[in-house]
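> Mind having a look at this structure? Questions to follow.
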Amino acid sequence: MKTVSVSKEAAYAQKEWVVIDAEGQVMGRMCSKVAKILRGKYKPNFTPNVDCGDNVIIINAAKVELTGKKMTDRVYIRYTGYPGGQRFSTPEFELNKNPERLITKVVKGMLPKNRLGNRLITNLHVFAGPEHNMQAQQPKVIDLNTLK
């Protein structure tokens, strides 16, 4: 018996395209499963140092839910680089302004903080509405509730 490690060549890592509908999903639970799919942890040939995960398309990102008071009580902080440039925003404000950026930010926080994580986040495509422009890749629809 021999353990097969996936090399960096695309021939070994059978990458697929998957579509996930975010409508009615809890954001944190959905994003943790998306991060596992991007990483390739649901595949039997998972290799920690190689991009062997699937490409993920998330639709209906504007209809994602947060439990409790997280929509108004959670605060995201960013800094512009100028004196007095600290900016605060809530998930409610971010969902109204740009839901794609909020989902991408949450998933990126669940990926490795290195070059591999930067490469993996490029495999995520988020759309606010039910339509996407990735039909040429023939993605398959998966239900996140069936994954652990």
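Ligands are numbered from 1 in the order shown, residues from 1 within each chain, and chains are lettered A, B, ... in the order they appear in the structure tokens.
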For Val141 of chain A, work out the shell of residues within 12 Å, counting only C-alpha atoms and skipping chain neighbours fewer than 5 positions away, then give it as a CSV table (one decimal) with N, CA and C atoms, in the first residue's frame.

```csv
chain,number,residue,atom,x,y,z
A,16,GLU,N,-12.6,20.6,-9.5
A,16,GLU,CA,-14.0,20.7,-10.0
A,16,GLU,C,-14.5,22.1,-9.7
A,17,TRP,N,-15.6,22.4,-10.3
A,17,TRP,CA,-16.3,23.7,-10.1
A,17,TRP,C,-17.6,23.3,-9.4
A,18,VAL,N,-17.9,23.9,-8.2
A,18,VAL,CA,-19.1,23.7,-7.5
A,18,VAL,C,-19.9,25.0,-7.2
A,19,VAL,N,-21.2,24.9,-7.2
A,19,VAL,CA,-22.1,26.1,-6.9
A,19,VAL,C,-22.7,25.8,-5.5
A,20,ILE,N,-22.7,26.9,-4.7
A,20,ILE,CA,-23.3,26.8,-3.4
A,20,ILE,C,-24.3,28.0,-3.3
A,21,ASP,N,-25.5,27.6,-2.9
A,21,ASP,CA,-26.6,28.7,-2.7
A,21,ASP,C,-26.5,29.1,-1.2
A,22,ALA,N,-26.3,30.4,-1.0
A,22,ALA,CA,-26.1,30.9,0.4
A,22,ALA,C,-27.4,31.3,1.0
A,56,VAL,N,-15.0,27.3,-6.1
A,56,VAL,CA,-16.3,27.5,-5.5
A,56,VAL,C,-17.0,28.7,-6.0
A,57,ILE,N,-18.3,28.6,-6.4
A,57,ILE,CA,-19.1,29.7,-6.8
A,57,ILE,C,-20.2,29.8,-5.7
A,58,ILE,N,-20.3,31.0,-5.1
A,58,ILE,CA,-21.4,31.2,-4.1
A,58,ILE,C,-22.4,32.2,-4.7
A,59,ILE,N,-23.6,31.8,-4.8
A,59,ILE,CA,-24.7,32.7,-5.3
A,59,ILE,C,-25.6,33.1,-4.1
A,135,GLN,N,-21.0,29.8,-16.2
A,135,GLN,CA,-21.7,28.6,-16.8
A,135,GLN,C,-20.8,27.8,-17.7
```
> Quick one: residues within 12 Å of Tyr79 of chain A, only C-alpha atoms, excluding same-chain residues fewer than 5 positions away - as a list of chain:residue names?
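The neighbour list is A:Gly84, A:Gly85, A:Gln86, A:Arg87, A:Phe88, A:Ser89.
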> Mind pulling up the distance from atom CA of Glu23 of chain A to atom CA of Gln138 of chain A?
21.0 Å
> Enumerate the residues of chain A with a DSSP assignment of alpha helix (DSSP H), computed from the backbone, and present them as JSON, numbers by chain.
{"A": [27, 28, 29, 30, 31, 32, 33, 34, 35, 36, 37, 38, 39, 70, 71, 72, 73, 91, 92, 93, 94, 95, 96, 97, 99, 100, 101, 102, 103, 104, 105, 106, 107, 108, 109, 115, 116, 117, 118, 119, 120]}
> Find, counting only C-alpha atoms, the residue in A:Asn60, A:Thr104, A:Thr72, A:Asn96 that gets nearest to Leu124 of chain A.
A:Thr104
> Give me, please, the distance in Å between atom CA of Ala62 of chain A and atom CA of Met134 of chain A, quoted to one decimal.
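About the pair atom CA of Ala62 of chain A and atom CA of Met134 of chain A: they are 18.4 Å apart.
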> Any chance you could list, as a ChimeraX atom specification, the residues in segment 51-112 of chain A that come up strand (DSSP E) when DSSP is run on the backbone?
/A:55-59,76-79,86-89
> So which one's closest to Gly40 of chain A, A:Tyr76, A:Gly68, A:Leu120, A:Thr3? Using only C-alpha atoms, please.
A:Leu120
> Which residues are near segment 109-118 of chain A? Cut-off 10 Å, only C-alpha atoms, ignore same chain within fewer than 6 positions. Put them as a PyMOL selection string.
chain A and resi 28+31-36+38-39+48-51
> Any chance you can output those residues with N, CA and C atoms as an mmCIF file, in the first residue's frame?

```
data_model
loop_
_atom_site.group_PDB
_atom_site.id
_atom_site.type_symbol
_atom_site.label_atom_id
_atom_site.label_comp_id
_atom_site.auth_asym_id
_atom_site.auth_seq_id
_atom_site.Cartn_x
_atom_site.Cartn_y
_atom_site.Cartn_z
ATOM 1 N N GLY A 28 -21.214 31.842 9.214
ATOM 2 C CA GLY A 28 -20.003 31.211 9.727
ATOM 3 C C GLY A 28 -19.910 29.734 9.389
ATOM 4 N N CYS A 31 -19.284 29.391 5.588
ATOM 5 C CA CYS A 31 -17.931 29.780 5.184
ATOM 6 C C CYS A 31 -16.883 28.776 5.650
ATOM 7 N N SER A 32 -17.086 28.132 6.786
ATOM 8 C CA SER A 32 -16.106 27.133 7.231
ATOM 9 C C SER A 32 -16.126 25.919 6.301
ATOM 10 N N LYS A 33 -17.313 25.533 5.830
ATOM 11 C CA LYS A 33 -17.385 24.419 4.885
ATOM 12 C C LYS A 33 -16.810 24.815 3.529
ATOM 13 N N VAL A 34 -17.035 26.063 3.118
ATOM 14 C CA VAL A 34 -16.466 26.547 1.858
ATOM 15 C C VAL A 34 -14.942 26.556 1.943
ATOM 16 N N ALA A 35 -14.398 26.962 3.096
ATOM 17 C CA ALA A 35 -12.945 26.963 3.265
ATOM 18 C C ALA A 35 -12.384 25.548 3.174
ATOM 19 N N LYS A 36 -13.105 24.559 3.715
ATOM 20 C CA LYS A 36 -12.657 23.172 3.597
ATOM 21 C C LYS A 36 -12.691 22.692 2.154
ATOM 22 N N LEU A 38 -12.409 24.645 -0.538
ATOM 23 C CA LEU A 38 -11.313 25.340 -1.223
ATOM 24 C C LEU A 38 -9.974 24.692 -0.915
ATOM 25 N N ARG A 39 -9.816 24.236 0.307
ATOM 26 C CA ARG A 39 -8.565 23.626 0.740
ATOM 27 C C ARG A 39 -8.414 22.214 0.189
ATOM 28 N N PRO A 48 -1.522 18.873 2.367
ATOM 29 C CA PRO A 48 -1.596 20.173 3.038
ATOM 30 C C PRO A 48 -0.877 21.321 2.331
ATOM 31 N N ASN A 49 0.141 21.027 1.542
ATOM 32 C CA ASN A 49 0.943 22.107 0.964
ATOM 33 C C ASN A 49 0.631 22.368 -0.507
ATOM 34 N N VAL A 50 -0.469 21.821 -1.026
ATOM 35 C CA VAL A 50 -0.795 21.954 -2.444
ATOM 36 C C VAL A 50 -2.239 22.421 -2.585
ATOM 37 N N ASP A 51 -2.486 23.229 -3.603
ATOM 38 C CA ASP A 51 -3.836 23.664 -3.934
ATOM 39 C C ASP A 51 -4.550 22.519 -4.644
#
```
> Skip Val75 of chain A itself and residues of its chain fewer than 5 positions away, then list as a count of residues only all residues within 12 Å of it, counting only C-alpha atoms.
10
> So, counting only C-alpha atoms, which residue among A:Cys52, A:Met71, A:Ile121, A:Val107 is closest to Met30 of chain A?
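Counting only C-alpha atoms, the residue closest to Met30 of chain A is A:Val107.
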> Counting only C-alpha atoms, which of A:Leu147, A:Leu102, A:Leu95, A:Ala61 gets nearest to Glu131 of chain A?
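When distances to Glu131 of chain A are compared using only C-alpha atoms, the smallest one comes from A:Ala61.
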> Between atom CA of Ser7 of chain A and atom CA of Ala136 of chain A, measure the distance and give it in Å to one decimal.
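Atom CA of Ala136 of chain A lies 26.5 Å from atom CA of Ser7 of chain A.
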> Might you pull out every residue within 10 Å of Val4 of chain A, with only C-alpha atoms counted and same-chain residues fewer than 4 positions away left off, and present them as a PDB file with N, CA, C and O atoms, in the first residue's frame?

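Dumped to out.pdb:
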```pdb
ATOM      1  N   TYR A  12      -2.771  15.883 -11.265  1.00  0.00           N
ATOM      2  CA  TYR A  12      -3.027  15.063 -10.092  1.00  0.00           C
ATOM      3  C   TYR A  12      -4.214  15.571  -9.276  1.00  0.00           C
ATOM      4  O   TYR A  12      -4.972  14.795  -8.740  1.00  0.00           O
ATOM      5  N   PRO A  44     -10.063  12.544  -0.848  1.00  0.00           N
ATOM      6  CA  PRO A  44      -9.186  11.518  -0.255  1.00  0.00           C
ATOM      7  C   PRO A  44      -7.704  11.761  -0.518  1.00  0.00           C
ATOM      8  O   PRO A  44      -6.861  11.252   0.216  1.00  0.00           O
ATOM      9  N   ASN A  45      -7.376  12.543  -1.535  1.00  0.00           N
ATOM     10  CA  ASN A  45      -5.964  12.798  -1.850  1.00  0.00           C
ATOM     11  C   ASN A  45      -5.529  14.175  -1.360  1.00  0.00           C
ATOM     12  O   ASN A  45      -4.712  14.829  -1.992  1.00  0.00           O
ATOM     13  N   PHE A  46      -6.032  14.618  -0.197  1.00  0.00           N
ATOM     14  CA  PHE A  46      -5.686  15.918   0.363  1.00  0.00           C
ATOM     15  C   PHE A  46      -4.201  15.972   0.707  1.00  0.00           C
ATOM     16  O   PHE A  46      -3.653  15.068   1.339  1.00  0.00           O
ATOM     17  N   THR A  47      -3.561  17.020   0.260  1.00  0.00           N
ATOM     18  CA  THR A  47      -2.164  17.286   0.587  1.00  0.00           C
ATOM     19  C   THR A  47      -2.088  18.698   1.159  1.00  0.00           C
ATOM     20  O   THR A  47      -2.550  19.648   0.528  1.00  0.00           O
TER      21      THR A  47
END
```
